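**Q** Just one file: entry-v7.txt, with compact mmCIF, C-alpha atoms and all ligand atoms.
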# COMPACT_ATOMS: atom_id res chain seq x y z
CA MET A 271 0.44 -10.75 20.72
CA ILE A 272 0.99 -7.88 18.35
CA GLN A 273 2.58 -4.71 19.57
CA ALA A 274 2.65 -1.39 17.82
CA PHE A 275 5.92 0.49 17.68
CA PRO A 276 6.35 4.19 17.32
CA PRO A 277 8.75 5.23 14.60
CA SER A 278 12.26 5.95 15.81
CA SER A 279 12.87 7.97 12.68
CA PRO A 280 15.16 8.95 11.29
CA ALA A 281 17.53 7.03 13.54
CA ASP A 282 19.09 3.77 12.47
CA GLN A 283 17.17 0.79 13.72
CA ALA A 284 16.69 -2.94 13.41
CA ILE A 285 13.47 -4.77 12.58
CA ARG A 286 12.75 -8.17 14.09
CA GLY A 287 10.23 -10.56 12.54
CA ALA A 288 9.83 -13.34 9.99
CA LEU A 289 11.71 -12.10 6.92
CA LEU A 290 10.60 -13.28 3.50
CA ASP A 291 12.15 -12.15 0.21
CA PHE A 292 13.69 -13.50 -2.99
CA VAL A 293 17.26 -13.97 -4.09
CA ASP A 294 16.31 -15.56 -7.43
CA ASP A 295 13.32 -16.14 -9.71
CA PRO A 296 11.04 -18.99 -8.51
CA PHE A 297 9.74 -19.39 -12.08
CA TYR A 298 13.22 -20.63 -13.05
CA VAL A 299 14.87 -22.17 -9.99
CA PRO A 300 13.45 -24.42 -7.23
CA GLN A 301 11.69 -22.42 -4.54
CA ASP A 302 14.20 -23.29 -1.83
CA GLN A 303 16.87 -21.60 -3.97
CA ALA A 304 14.72 -18.60 -4.85
CA VAL A 305 13.15 -17.82 -1.47
CA ARG A 306 15.00 -16.44 1.53
CA TYR A 307 12.90 -17.14 4.61
CA ILE A 308 14.23 -16.37 8.09
CA PRO A 309 11.53 -17.22 10.67
CA ASP A 310 13.17 -15.18 13.44
CA GLY A 311 15.07 -12.63 11.41
CA LEU A 312 16.62 -9.24 11.84
CA LEU A 313 16.84 -6.47 9.28
CA VAL A 314 19.42 -3.87 10.21
CA ILE A 315 18.80 -0.42 8.73
CA ARG A 316 21.41 2.31 8.53
CA GLU A 317 20.86 5.63 6.77
CA GLY A 318 17.76 4.36 5.04
CA HIS A 319 19.42 1.31 3.53
CA VAL A 320 19.67 -2.35 4.45
CA ALA A 321 22.95 -2.80 6.33
CA ALA A 322 22.52 -6.48 7.23
CA VAL A 323 19.96 -9.25 7.05
CA GLY A 324 20.08 -12.52 8.96
CA ALA A 325 18.92 -14.53 11.93
CA TYR A 326 18.12 -12.58 15.09
CA ALA A 327 20.35 -14.85 17.12
CA ASP A 328 23.33 -14.08 14.87
CA LEU A 329 22.87 -10.35 14.38
CA SER A 330 21.46 -9.13 17.69
CA PRO A 331 24.87 -9.18 19.46
CA THR A 332 26.18 -6.72 16.84
CA LEU A 333 23.52 -4.06 17.42
CA GLY A 334 24.95 -2.18 20.37
CA ASP A 335 22.34 0.33 21.52
CA MET A 336 20.46 0.36 18.21
CA PRO A 337 16.70 0.24 18.85
CA VAL A 338 14.79 -2.85 17.69
CA ALA A 339 11.20 -2.73 16.44
CA ASP A 340 9.78 -6.13 17.34
CA TYR A 341 7.29 -7.58 14.87
CA THR A 342 7.62 -11.16 16.07
CA GLY A 343 4.77 -13.23 14.63
CA GLN A 344 4.46 -11.03 11.56
CA LEU A 345 5.76 -11.39 8.05
CA ILE A 346 8.16 -8.75 6.76
CA THR A 347 8.55 -8.52 3.00
CA PRO A 348 9.98 -5.96 0.60
CA GLY A 349 7.47 -3.21 -0.30
CA PHE A 350 5.11 -4.06 -3.12
CA ILE A 351 5.83 -2.71 -6.59
CA ASP A 352 2.91 -1.74 -8.83
CA THR A 353 4.13 -1.71 -12.43
CA HIS A 354 1.07 -0.04 -13.94
CA ILE A 355 -1.43 2.40 -12.41
CA HIS A 356 -3.14 5.71 -13.29
CA TYR A 357 -3.31 8.20 -10.45
CA PRO A 358 -5.89 10.51 -12.12
CA GLN A 359 -8.31 7.58 -12.24
CA THR A 360 -8.37 7.11 -8.46
CA GLY A 361 -11.83 8.64 -8.20
CA MET A 362 -13.39 6.70 -11.09
CA MET A 363 -12.83 3.09 -10.09
CA ALA A 364 -15.82 0.80 -10.56
CA ALA A 365 -17.22 2.59 -13.65
CA TYR A 366 -19.99 0.34 -14.90
CA GLY A 367 -20.66 -1.59 -18.01
CA GLU A 368 -18.10 -0.88 -20.73
CA GLN A 369 -15.11 -2.49 -22.38
CA LEU A 370 -11.87 -0.67 -23.09
CA LEU A 371 -12.58 1.78 -25.91
CA GLU A 372 -16.04 2.82 -24.73
CA TRP A 373 -14.81 2.94 -21.12
CA LEU A 374 -12.09 5.41 -22.12
CA GLU A 375 -14.52 7.65 -23.95
CA ARG A 376 -17.37 7.56 -21.47
CA TYR A 377 -15.53 7.67 -18.15
CA THR A 378 -11.79 8.18 -18.41
CA PHE A 379 -11.37 11.19 -20.65
CA PRO A 380 -13.86 13.41 -18.77
CA THR A 381 -12.21 12.44 -15.47
CA GLU A 382 -8.69 13.23 -16.68
CA ARG A 383 -9.79 16.65 -17.94
CA GLN A 384 -9.92 17.86 -14.34
CA PHE A 385 -6.16 17.39 -13.91
CA LYS A 386 -5.29 20.65 -15.58
CA ASP A 387 -6.14 22.19 -12.22
CA PRO A 388 -2.99 21.87 -10.04
CA THR A 389 -4.97 22.04 -6.79
CA HIS A 390 -7.24 19.18 -7.80
CA ALA A 391 -4.27 17.20 -9.13
CA ARG A 392 -2.36 17.61 -5.87
CA GLN A 393 -5.36 16.59 -3.76
CA VAL A 394 -5.83 13.40 -5.75
CA ALA A 395 -2.08 12.70 -5.78
CA ASP A 396 -1.97 12.97 -1.98
CA PHE A 397 -4.96 10.65 -1.60
CA PHE A 398 -3.48 8.22 -4.13
CA LEU A 399 -0.09 7.99 -2.40
CA ALA A 400 -1.71 7.53 1.00
CA GLU A 401 -3.72 4.68 -0.49
CA LEU A 402 -0.59 3.08 -1.96
CA LEU A 403 1.20 3.17 1.41
CA LYS A 404 -1.84 1.77 3.19
CA ASN A 405 -1.79 -1.13 0.75
CA GLY A 406 1.94 -1.75 1.18
CA THR A 407 2.91 -0.40 -2.24
CA THR A 408 6.17 1.51 -2.01
CA THR A 409 7.06 1.97 -5.69
CA ALA A 410 4.81 2.40 -8.72
CA LEU A 411 4.99 3.19 -12.41
CA VAL A 412 2.26 5.77 -12.74
CA PHE A 413 0.34 7.39 -15.57
CA ALA A 414 -0.34 11.06 -14.90
CA ALA A 415 -2.67 12.98 -17.27
CA VAL A 416 -1.87 14.90 -20.45
CA PHE A 417 -1.34 18.18 -18.55
CA PRO A 418 2.19 18.97 -17.27
CA GLU A 419 0.50 20.32 -14.11
CA SER A 420 -0.65 16.79 -13.33
CA VAL A 421 2.94 15.51 -13.43
CA ASP A 422 4.26 18.34 -11.24
CA ALA A 423 1.53 17.67 -8.68
CA PHE A 424 2.31 13.96 -8.57
CA PHE A 425 6.07 14.32 -8.27
CA GLU A 426 5.74 17.05 -5.62
CA ALA A 427 3.51 14.75 -3.55
CA ALA A 428 5.87 11.79 -4.02
CA ALA A 429 8.94 13.88 -3.14
CA ALA A 430 7.26 15.04 0.06
CA ARG A 431 7.03 11.37 1.11
CA ASN A 432 10.51 10.42 -0.16
CA LEU A 433 9.01 7.71 -2.39
CA ARG A 434 10.69 5.96 -5.31
CA MET A 435 8.14 6.70 -8.02
CA ILE A 436 8.14 6.76 -11.81
CA SER A 437 5.66 8.86 -13.76
CA GLY A 438 5.18 10.94 -16.86
CA LYS A 439 2.89 13.13 -18.88
CA VAL A 440 0.44 11.31 -21.14
CA MET A 441 1.11 11.98 -24.81
CA MET A 442 -1.91 11.83 -27.13
CA ASP A 443 -2.57 13.77 -30.28
CA ARG A 444 -5.55 12.04 -31.89
CA ASN A 445 -8.68 9.94 -31.30
CA ALA A 446 -9.38 11.73 -28.06
CA PRO A 447 -11.41 14.85 -27.18
CA ASP A 448 -9.76 18.14 -28.20
CA TYR A 449 -9.47 19.18 -24.56
CA LEU A 450 -7.06 16.28 -23.93
CA CYS A 451 -5.02 16.40 -27.12
CA ASP A 452 -1.50 17.73 -27.46
CA THR A 453 0.57 17.61 -30.66
CA ALA A 454 3.68 15.67 -31.54
CA GLN A 455 5.73 18.84 -31.06
CA SER A 456 4.07 20.15 -27.89
CA SER A 457 4.15 16.71 -26.24
CA TYR A 458 7.85 16.46 -27.03
CA GLU A 459 8.59 19.90 -25.60
CA GLN A 460 6.45 19.50 -22.50
CA SER A 461 7.84 16.03 -21.76
CA ARG A 462 11.37 17.31 -22.28
CA ALA A 463 10.86 20.13 -19.78
CA LEU A 464 9.39 17.71 -17.23
CA ILE A 465 12.29 15.29 -17.70
CA GLN A 466 14.78 18.07 -17.03
CA LYS A 467 12.84 19.11 -13.96
CA TRP A 468 12.15 15.72 -12.37
CA HIS A 469 14.11 12.78 -13.78
CA GLY A 470 16.67 11.64 -11.22
CA GLN A 471 15.61 14.20 -8.62
CA GLY A 472 15.85 12.33 -5.32
CA ARG A 473 14.09 9.02 -5.84
CA LEU A 474 11.96 10.17 -8.79
CA LEU A 475 12.28 8.90 -12.34
CA TYR A 476 10.54 9.84 -15.55
CA ALA A 477 8.60 7.66 -17.98
CA VAL A 478 7.82 8.83 -21.50
CA THR A 479 4.13 7.97 -21.63
CA PRO A 480 2.17 7.77 -24.90
CA ARG A 481 -1.27 6.45 -23.81
CA PHE A 482 -1.41 3.81 -26.56
CA ALA A 483 -0.85 3.58 -30.28
CA ALA A 484 -4.45 4.52 -31.12
CA THR A 485 -4.17 7.95 -29.52
CA SER A 486 -0.74 8.82 -30.90
CA SER A 487 0.22 9.66 -34.47
CA GLU A 488 3.31 8.04 -35.88
CA ALA A 489 5.05 11.41 -35.56
CA GLN A 490 4.25 11.47 -31.85
CA LEU A 491 5.52 7.93 -31.25
CA LYS A 492 8.76 8.92 -33.00
CA ALA A 493 8.99 12.06 -30.84
CA ALA A 494 8.70 9.78 -27.80
CA ALA A 495 11.59 7.68 -29.11
CA ARG A 496 13.65 10.83 -29.61
CA LEU A 497 13.30 11.63 -25.91
CA LEU A 498 14.46 8.12 -25.01
CA ASP A 499 17.53 8.70 -27.19
CA GLU A 500 18.30 12.06 -25.66
CA PHE A 501 18.23 11.20 -21.94
CA PRO A 502 19.76 8.19 -20.18
CA ASP A 503 17.66 5.81 -18.12
CA LEU A 504 14.24 7.12 -19.08
CA TYR A 505 11.35 4.68 -19.15
CA LEU A 506 8.78 4.09 -21.85
CA HIS A 507 5.37 3.33 -20.36
CA THR A 508 2.33 2.53 -22.47
CA HIS A 509 -0.46 0.02 -23.12
CA LEU A 510 -0.22 -2.95 -25.48
CA SER A 511 -2.62 -5.58 -26.82
CA GLU A 512 -5.27 -5.37 -24.16
CA ASN A 513 -8.55 -5.96 -25.98
CA VAL A 514 -9.51 -7.71 -29.24
CA ASN A 515 -11.26 -4.66 -30.75
CA GLU A 516 -8.33 -2.46 -29.80
CA VAL A 517 -5.86 -4.77 -31.57
CA ALA A 518 -8.03 -4.70 -34.73
CA TRP A 519 -8.22 -0.89 -34.56
CA ILE A 520 -4.43 -0.58 -34.30
CA GLN A 521 -4.12 -2.76 -37.40
CA ASP A 522 -6.49 -0.37 -39.25
CA LEU A 523 -4.61 2.71 -38.06
CA PHE A 524 -1.16 1.32 -38.90
CA PRO A 525 -1.68 -1.03 -41.89
CA GLN A 526 1.99 -0.73 -42.86
CA TYR A 527 3.15 -2.59 -39.70
CA GLN A 528 3.08 -6.26 -38.73
CA GLY A 529 0.84 -5.99 -35.71
CA TYR A 530 0.52 -4.01 -32.50
CA LEU A 531 3.99 -4.50 -30.99
CA ASP A 532 5.56 -3.81 -34.38
CA VAL A 533 4.05 -0.29 -34.35
CA TYR A 534 6.02 0.47 -31.20
CA ASP A 535 9.05 -1.43 -32.46
CA GLN A 536 9.32 0.35 -35.81
CA THR A 537 8.94 3.73 -34.10
CA GLY A 538 11.81 2.96 -31.71
CA LEU A 539 9.90 2.28 -28.49
CA VAL A 540 10.67 -1.38 -27.75
CA ARG A 541 13.68 -1.22 -25.47
CA GLN A 542 15.17 -2.45 -22.23
CA ARG A 543 13.37 0.10 -20.07
CA SER A 544 10.04 -0.14 -21.89
CA VAL A 545 7.10 -1.34 -19.79
CA PHE A 546 3.98 -2.42 -21.62
CA ALA A 547 0.75 -2.85 -19.69
CA HIS A 548 -1.43 -5.90 -20.40
CA GLY A 549 -0.18 -7.88 -23.42
CA VAL A 550 -3.27 -10.05 -23.13
CA GLN A 551 -3.62 -10.60 -26.89
CA LEU A 552 0.08 -11.02 -27.78
CA SER A 553 1.23 -13.61 -30.31
CA ASP A 554 4.06 -16.01 -29.47
CA GLN A 555 6.26 -14.06 -31.86
CA GLU A 556 5.52 -10.82 -30.00
CA PHE A 557 6.45 -12.44 -26.67
CA GLN A 558 9.74 -13.48 -28.25
CA ARG A 559 10.43 -9.98 -29.50
CA LEU A 560 9.79 -8.53 -26.02
CA SER A 561 12.22 -11.06 -24.58
CA GLN A 562 14.87 -10.21 -27.12
CA ALA A 563 14.49 -6.47 -26.45
CA LYS A 564 14.55 -7.05 -22.65
CA ALA A 565 11.32 -5.07 -22.42
CA ALA A 566 8.79 -5.76 -19.65
CA LEU A 567 5.11 -6.56 -19.33
CA SER A 568 2.77 -5.50 -16.56
CA PHE A 569 0.20 -8.20 -15.75
CA CYS A 570 -2.99 -6.46 -14.61
CA PRO A 571 -5.50 -9.19 -13.76
CA THR A 572 -8.20 -7.22 -11.94
CA SER A 573 -8.36 -4.77 -14.85
CA ASN A 574 -8.32 -7.49 -17.50
CA LEU A 575 -11.22 -9.22 -15.78
CA PHE A 576 -13.14 -6.01 -15.03
CA LEU A 577 -13.01 -4.78 -18.64
CA GLY A 578 -13.52 -8.29 -20.01
CA SER A 579 -10.22 -8.00 -21.91
CA GLY A 580 -9.01 -11.58 -21.51
CA LEU A 581 -6.61 -13.88 -19.69
CA PHE A 582 -2.90 -13.04 -19.67
CA ARG A 583 -0.60 -15.96 -20.52
CA ILE A 584 1.84 -15.82 -17.63
CA GLU A 585 3.45 -19.15 -18.56
CA GLN A 586 4.17 -17.85 -22.06
CA ALA A 587 5.70 -14.63 -20.72
CA LYS A 588 7.88 -16.58 -18.28
CA ASN A 589 8.81 -19.24 -20.87
CA LYS A 590 12.39 -20.23 -20.13
CA ALA A 591 13.32 -20.27 -23.82
CA HIS A 592 12.41 -16.58 -24.24
CA PRO A 593 11.75 -15.05 -20.84
CA VAL A 594 10.00 -11.70 -20.58
CA LYS A 595 10.30 -9.58 -17.45
CA VAL A 596 6.90 -9.40 -15.75
CA GLY A 597 5.54 -7.39 -12.84
CA LEU A 598 2.04 -7.05 -11.42
CA GLY A 599 -0.04 -3.95 -12.09
CA THR A 600 -3.26 -2.87 -10.45
CA ASP A 601 -4.21 -0.61 -13.39
CA VAL A 602 -6.47 1.48 -11.18
CA GLY A 603 -9.01 2.84 -12.31
CA ALA A 604 -9.85 -0.09 -14.63
CA GLY A 605 -8.34 -2.26 -11.93
CA THR A 606 -10.61 -2.88 -8.99
CA SER A 607 -8.18 -2.72 -6.07
CA PHE A 608 -5.08 -0.84 -4.95
CA SER A 609 -3.96 -4.00 -3.17
CA LEU A 610 -1.20 -6.11 -4.69
CA LEU A 611 -2.47 -8.93 -2.45
CA GLN A 612 -5.84 -8.77 -4.22
CA THR A 613 -4.08 -8.39 -7.56
CA ALA A 614 -2.14 -11.59 -6.83
CA ASN A 615 -5.41 -13.26 -5.87
CA GLU A 616 -6.91 -12.45 -9.28
CA ALA A 617 -3.65 -13.40 -11.04
CA TYR A 618 -3.97 -16.83 -9.42
CA LYS A 619 -7.53 -17.18 -10.73
CA VAL A 620 -6.54 -16.06 -14.24
CA ALA A 621 -3.88 -18.78 -14.19
CA GLN A 622 -6.46 -21.30 -12.94
CA LEU A 623 -8.83 -20.45 -15.80
CA ARG A 624 -5.98 -21.31 -18.17
CA GLY A 625 -5.16 -24.58 -16.41
CA GLN A 626 -1.99 -23.12 -14.87
CA LYS A 627 -0.80 -22.77 -11.29
CA LEU A 628 0.62 -19.59 -9.83
CA SER A 629 2.20 -20.48 -6.49
CA ALA A 630 2.18 -18.08 -3.56
CA PHE A 631 5.93 -17.57 -3.90
CA LYS A 632 5.70 -16.88 -7.64
CA ALA A 633 2.94 -14.35 -7.02
CA LEU A 634 4.89 -12.61 -4.25
CA PHE A 635 7.97 -12.58 -6.47
CA LEU A 636 5.98 -10.77 -9.19
CA ALA A 637 4.86 -8.20 -6.60
CA THR A 638 8.40 -7.57 -5.27
CA LEU A 639 11.70 -8.55 -6.92
CA GLY A 640 9.96 -9.41 -10.22
CA GLY A 641 8.48 -5.92 -10.31
CA ALA A 642 11.87 -4.41 -9.48
CA LYS A 643 13.44 -6.32 -12.37
CA ALA A 644 10.63 -5.25 -14.71
CA LEU A 645 11.49 -1.65 -13.79
CA CYS A 646 15.28 -2.23 -13.98
CA LEU A 647 15.48 -1.18 -10.31
CA GLU A 648 16.67 -4.48 -8.84
CA ASP A 649 19.94 -2.83 -7.79
CA LYS A 650 17.95 -0.47 -5.54
CA ILE A 651 14.75 -2.20 -4.36
CA GLY A 652 12.93 -5.54 -4.46
CA ASN A 653 14.64 -7.58 -1.74
CA PHE A 654 16.67 -7.33 1.47
CA ASP A 655 20.16 -7.53 0.04
CA PRO A 656 22.51 -5.20 1.94
CA GLY A 657 22.78 -1.85 0.20
CA LYS A 658 19.17 -1.82 -1.01
CA GLU A 659 16.86 1.03 -0.10
CA ALA A 660 14.91 -0.02 2.99
CA ASP A 661 11.35 0.04 1.65
CA PHE A 662 9.54 -2.83 3.32
CA ILE A 663 6.20 -3.82 4.81
CA VAL A 664 4.85 -5.79 7.73
CA LEU A 665 2.04 -8.23 6.96
CA ASN A 666 -0.17 -9.61 9.71
CA PRO A 667 -1.24 -13.20 9.00
CA GLN A 668 -4.00 -12.83 11.60
CA ALA A 669 -5.19 -9.38 10.53
CA THR A 670 -8.90 -10.24 10.38
CA PRO A 671 -10.94 -12.72 12.42
CA LEU A 672 -11.20 -14.91 9.34
CA LEU A 673 -7.46 -14.82 8.67
CA ALA A 674 -6.83 -15.57 12.36
CA LEU A 675 -9.11 -18.59 12.04
CA ARG A 676 -7.23 -19.68 8.94
CA ASN A 677 -3.79 -19.07 10.53
CA PRO A 678 -4.33 -20.01 14.17
CA THR A 679 -0.81 -21.05 15.06
CA GLY A 680 1.43 -18.18 14.05
CA LEU A 681 3.99 -18.32 11.29
CA ALA A 682 5.46 -21.66 10.25
CA HIS A 683 9.18 -22.30 10.47
CA ARG A 684 9.36 -24.36 7.31
CA LEU A 685 8.99 -23.09 3.76
CA GLU A 686 6.02 -25.34 2.93
CA GLY A 687 4.13 -24.06 5.94
CA VAL A 688 4.80 -20.41 5.27
CA ALA A 689 3.86 -20.90 1.60
CA GLU A 690 0.40 -21.97 2.73
CA GLN A 691 0.07 -19.03 5.12
CA LEU A 692 1.29 -16.60 2.48
CA PHE A 693 -1.24 -18.03 0.04
CA SER A 694 -4.05 -17.35 2.51
CA LEU A 695 -2.83 -13.75 2.81
CA LEU A 696 -2.80 -13.32 -0.97
CA ILE A 697 -6.28 -14.76 -1.41
CA MET A 698 -8.00 -13.36 1.69
CA GLY A 699 -5.86 -10.33 2.49
CA ASP A 700 -6.04 -6.70 1.41
CA ASP A 701 -5.06 -3.39 3.00
CA ARG A 702 -6.24 -4.74 6.36
CA ALA A 703 -3.36 -7.22 6.31
CA VAL A 704 -0.77 -4.44 6.01
CA GLN A 705 0.36 -3.67 9.53
CA ALA A 706 3.04 -1.16 8.62
CA THR A 707 4.84 0.34 5.65
CA TYR A 708 8.41 1.64 5.92
CA ILE A 709 10.05 4.00 3.44
CA MET A 710 13.85 4.28 3.53
CA GLY A 711 13.74 2.69 6.95
CA GLU A 712 11.18 5.10 8.39
CA LEU A 713 7.65 4.22 9.38
CA ALA A 714 5.38 5.82 6.76
CA TYR A 715 2.13 4.05 7.55
CA SER A 716 0.88 2.07 10.52
CA SER A 717 -2.44 0.23 10.69
CA PRO A 718 -4.86 2.10 12.97
CA SER A 719 -6.14 -1.18 14.38
CA THR A 720 -2.94 -1.90 16.29
ZN ZN B 801 -3.78 1.36 -17.87
Give the structure from this file in structure tokens form.
Ligand SMILES: [Zn+2]
**A**
Amino acid sequence: MIQAFPPSSPADQAIRGALLDFVDDPFYVPQDQAVRYIPDGLLVIREGHVAAVGAYADLSPTLGDMPVADYTGQLITPGFIDTHIHYPQTGMMAAYGEQLLEWLERYTFPTERQFKDPTHARQVADFFLAELLKNGTTTALVFAAVFPESVDAFFEAAAARNLRMISGKVMMDRNAPDYLCDTAQSSYEQSRALIQKWHGQGRLLYAVTPRFAATSSEAQLKAAARLLDEFPDLYLHTHLSENVNEVAWIQDLFPQYQGYLDVYDQTGLVRQRSVFAHGVQLSDQEFQRLSQAKAALSFCPTSNLFLGSGLFRIEQAKNKAHPVKVGLGTDVGAGTSFSLLQTANEAYKVAQLRGQKLSAFKALFLATLGGAKALCLEDKIGNFDPGKEADFIVLNPQATPLLALRNPTGLAHRLEGVAEQLFSLLIMGDDRAVQATYIMGELAYSSPST
């Protein structure tokens, strides 16, 4: 029987349920060493952070009069991390019939034009963040639009919810409509002002965000690199090697460089805190260069399938000889779902089409600790280690009649059993499976059905 619990915010509290998180990477170590599964567990939260994690029987005597929210029978995992998404595209999902370059021109650019209006931008940002929380996503790396107003609106909305979010102003100075173009100099100055205003404020961080090499001059890419040099801990967030025609176009635009990644590399943008969305068309050599630079890739399967871009080579990215950090991205609005569960579902199918297997634990790792590592935030979020920020979610393995039919007996005690139940949640679950979302230990979303 599932019970709903009112938030006892902002008081310290403990959360009882089946705890599932990662202490290591299941792509590289056996799953029983990577997964931490506590069937009857307790997560103790103090001042918004994890104070202790362990078995209920061990920790409950230490609680004193601390209130306990009881989610027995439910699965508690770290909040999902979306490593690539565009908030201005929330209202243009499911735009019919085009591949990348035509899709940008026909649908995306006209939509993003509206984000010069701060009121519109704030309305969409509020909707977008509510949708993230409903889907169990607690951190995201987010494209805003080219207008500084769009970044202010997003960060104001994120700050109001105390969310750990990363975003930045799109930089683009060519091959786009005039109404969306900045210049190398103006994009540098506007980004700089936004960095000074927002980077490191509360839980917010800034990403320098050239859209992709086709819409930035070399001077603009170099201006982006200058910002990365000037401020510590900034991110670089852009697109890379998504579509065959795009890769050919980049070669035409930058004939002096040795391919798509090399354009970013030679302009100073391939670094430890660089996150590149897609990488569907990367060569083996490019994967190796990303590994060497400790840069990250965002695997966006629903988008790659929707735009017909291709099948990401997860096994090549996670190759032990030259590992690349990888997270999952929804890439809304080319992506077709806000749900990281549905994104994992499509990631599994992409792997299947390539003759590979993506286990439930590997997929959940990509959506949690893997995403945190891709964003260099594993010291703050991604699992239940004491000291981490207490962003976590409650998943209901019986959320729908069909899931209840599939999972009739409640959560398994053994790892093999819970792997099967988790897999059913990834394949059949979506926002309906998210019972509750907690931010810094406080209830931020609760399913209306409970
Ligand atoms: Zn994108």
**Q** How many Å lie between atom CA of Ala604 of chain A and atom CA of Ser573 of chain A, rounded to one decimal?
**A** 4.9 Å
**Q** Counting all atoms listed in the file, which residues sit no farther than 10 Å from the position (3.6, -5.0, -7.0) in the file's frame? I'd like them as a VMD selection string.
**A** chain A and resid 348 to 354 406 to 411 568 to 569 597 to 600 608 to 611 613 to 614 633 to 642 652
**Q** Pick out the closest residue to Pro656 of chain A from this set: A:Ala446, A:Thr606, A:Leu290, A:His319. Count all atoms listed in the file.
**A**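 Using all atoms listed in the file, the shortest distance to Pro656 of chain A belongs to A:His319.
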**Q** Return as a list in words every polymer residue, whether protein, DNA or RNA, with at least one atom no more than 7 Å from an atom of ligand ZN 801 (chain B); count all atoms listed in the file.
**A**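 Counting only what the definition allows, namely all atoms listed in the file, the set is His354, Ile355, His356, His509, Ala547 and Asp601 of chain A.
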**Q** Any idea what the distance is between atom CA of Pro337 of chain A and atom CA of Leu312 of chain A?
**A**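 Atom-to-atom, atom CA of Pro337 of chain A to atom CA of Leu312 of chain A, that is 11.8 Å.
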**Q** Write out as a PDB file with C-alpha atoms, in the coordinates of the input which residues come within 12 Å of His507 of chain A when counting all atoms listed in the file, dropping same-chain ones fewer than 5 positions away.
**A**
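Output (selection13.pdb):
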ATOM      1  CA  THR A 353       4.130  -1.710 -12.430  1.00  0.00           C
ATOM      2  CA  HIS A 354       1.070  -0.040 -13.940  1.00  0.00           C
ATOM      3  CA  ILE A 355      -1.430   2.400 -12.410  1.00  0.00           C
ATOM      4  CA  HIS A 356      -3.140   5.710 -13.290  1.00  0.00           C
ATOM      5  CA  ALA A 410       4.810   2.400  -8.720  1.00  0.00           C
ATOM      6  CA  LEU A 411       4.990   3.190 -12.410  1.00  0.00           C
ATOM      7  CA  VAL A 412       2.260   5.770 -12.740  1.00  0.00           C
ATOM      8  CA  PHE A 413       0.340   7.390 -15.570  1.00  0.00           C
ATOM      9  CA  ALA A 414      -0.340  11.060 -14.900  1.00  0.00           C
ATOM     10  CA  ILE A 436       8.140   6.760 -11.810  1.00  0.00           C
ATOM     11  CA  SER A 437       5.660   8.860 -13.760  1.00  0.00           C
ATOM     12  CA  GLY A 438       5.180  10.940 -16.860  1.00  0.00           C
ATOM     13  CA  LYS A 439       2.890  13.130 -18.880  1.00  0.00           C
ATOM     14  CA  VAL A 440       0.440  11.310 -21.140  1.00  0.00           C
ATOM     15  CA  MET A 441       1.110  11.980 -24.810  1.00  0.00           C
ATOM     16  CA  LEU A 475      12.280   8.900 -12.340  1.00  0.00           C
ATOM     17  CA  TYR A 476      10.540   9.840 -15.550  1.00  0.00           C
ATOM     18  CA  ALA A 477       8.600   7.660 -17.980  1.00  0.00           C
ATOM     19  CA  VAL A 478       7.820   8.830 -21.500  1.00  0.00           C
ATOM     20  CA  THR A 479       4.130   7.970 -21.630  1.00  0.00           C
ATOM     21  CA  PRO A 480       2.170   7.770 -24.900  1.00  0.00           C
ATOM     22  CA  ARG A 481      -1.270   6.450 -23.810  1.00  0.00           C
ATOM     23  CA  PHE A 482      -1.410   3.810 -26.560  1.00  0.00           C
ATOM     24  CA  ALA A 483      -0.850   3.580 -30.280  1.00  0.00           C
ATOM     25  CA  LEU A 491       5.520   7.930 -31.250  1.00  0.00           C
ATOM     26  CA  ALA A 494       8.700   9.780 -27.800  1.00  0.00           C
ATOM     27  CA  ALA A 495      11.590   7.680 -29.110  1.00  0.00           C
ATOM     28  CA  LEU A 498      14.460   8.120 -25.010  1.00  0.00           C
ATOM     29  CA  TYR A 534       6.020   0.470 -31.200  1.00  0.00           C
ATOM     30  CA  LEU A 539       9.900   2.280 -28.490  1.00  0.00           C
ATOM     31  CA  VAL A 540      10.670  -1.380 -27.750  1.00  0.00           C
ATOM     32  CA  ARG A 541      13.680  -1.220 -25.470  1.00  0.00           C
ATOM     33  CA  GLN A 542      15.170  -2.450 -22.230  1.00  0.00           C
ATOM     34  CA  ARG A 543      13.370   0.100 -20.070  1.00  0.00           C
ATOM     35  CA  SER A 544      10.040  -0.140 -21.890  1.00  0.00           C
ATOM     36  CA  VAL A 545       7.100  -1.340 -19.790  1.00  0.00           C
ATOM     37  CA  PHE A 546       3.980  -2.420 -21.620  1.00  0.00           C
ATOM     38  CA  ALA A 547       0.750  -2.850 -19.690  1.00  0.00           C
ATOM     39  CA  HIS A 548      -1.430  -5.900 -20.400  1.00  0.00           C
ATOM     40  CA  ALA A 565      11.320  -5.070 -22.420  1.00  0.00           C
ATOM     41  CA  ALA A 566       8.790  -5.760 -19.650  1.00  0.00           C
ATOM     42  CA  LEU A 567       5.110  -6.560 -19.330  1.00  0.00           C
ATOM     43  CA  SER A 568       2.770  -5.500 -16.560  1.00  0.00           C
ATOM     44  CA  ALA A 644      10.630  -5.250 -14.710  1.00  0.00           C
ATOM     45  CA  LEU A 645      11.490  -1.650 -13.790  1.00  0.00           C
TER      46      LEU A 645
END
**Q** Please determine, counting only C-alpha atoms, which residue among A:Ala518, A:Ser461, A:Phe693, A:Glu488 has the shortest atom-to-atom distance to Leu504 of chain A.
**A**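 Between A:Ala518, A:Ser461, A:Phe693, A:Glu488, the residue approaching Leu504 of chain A most closely is A:Ser461.
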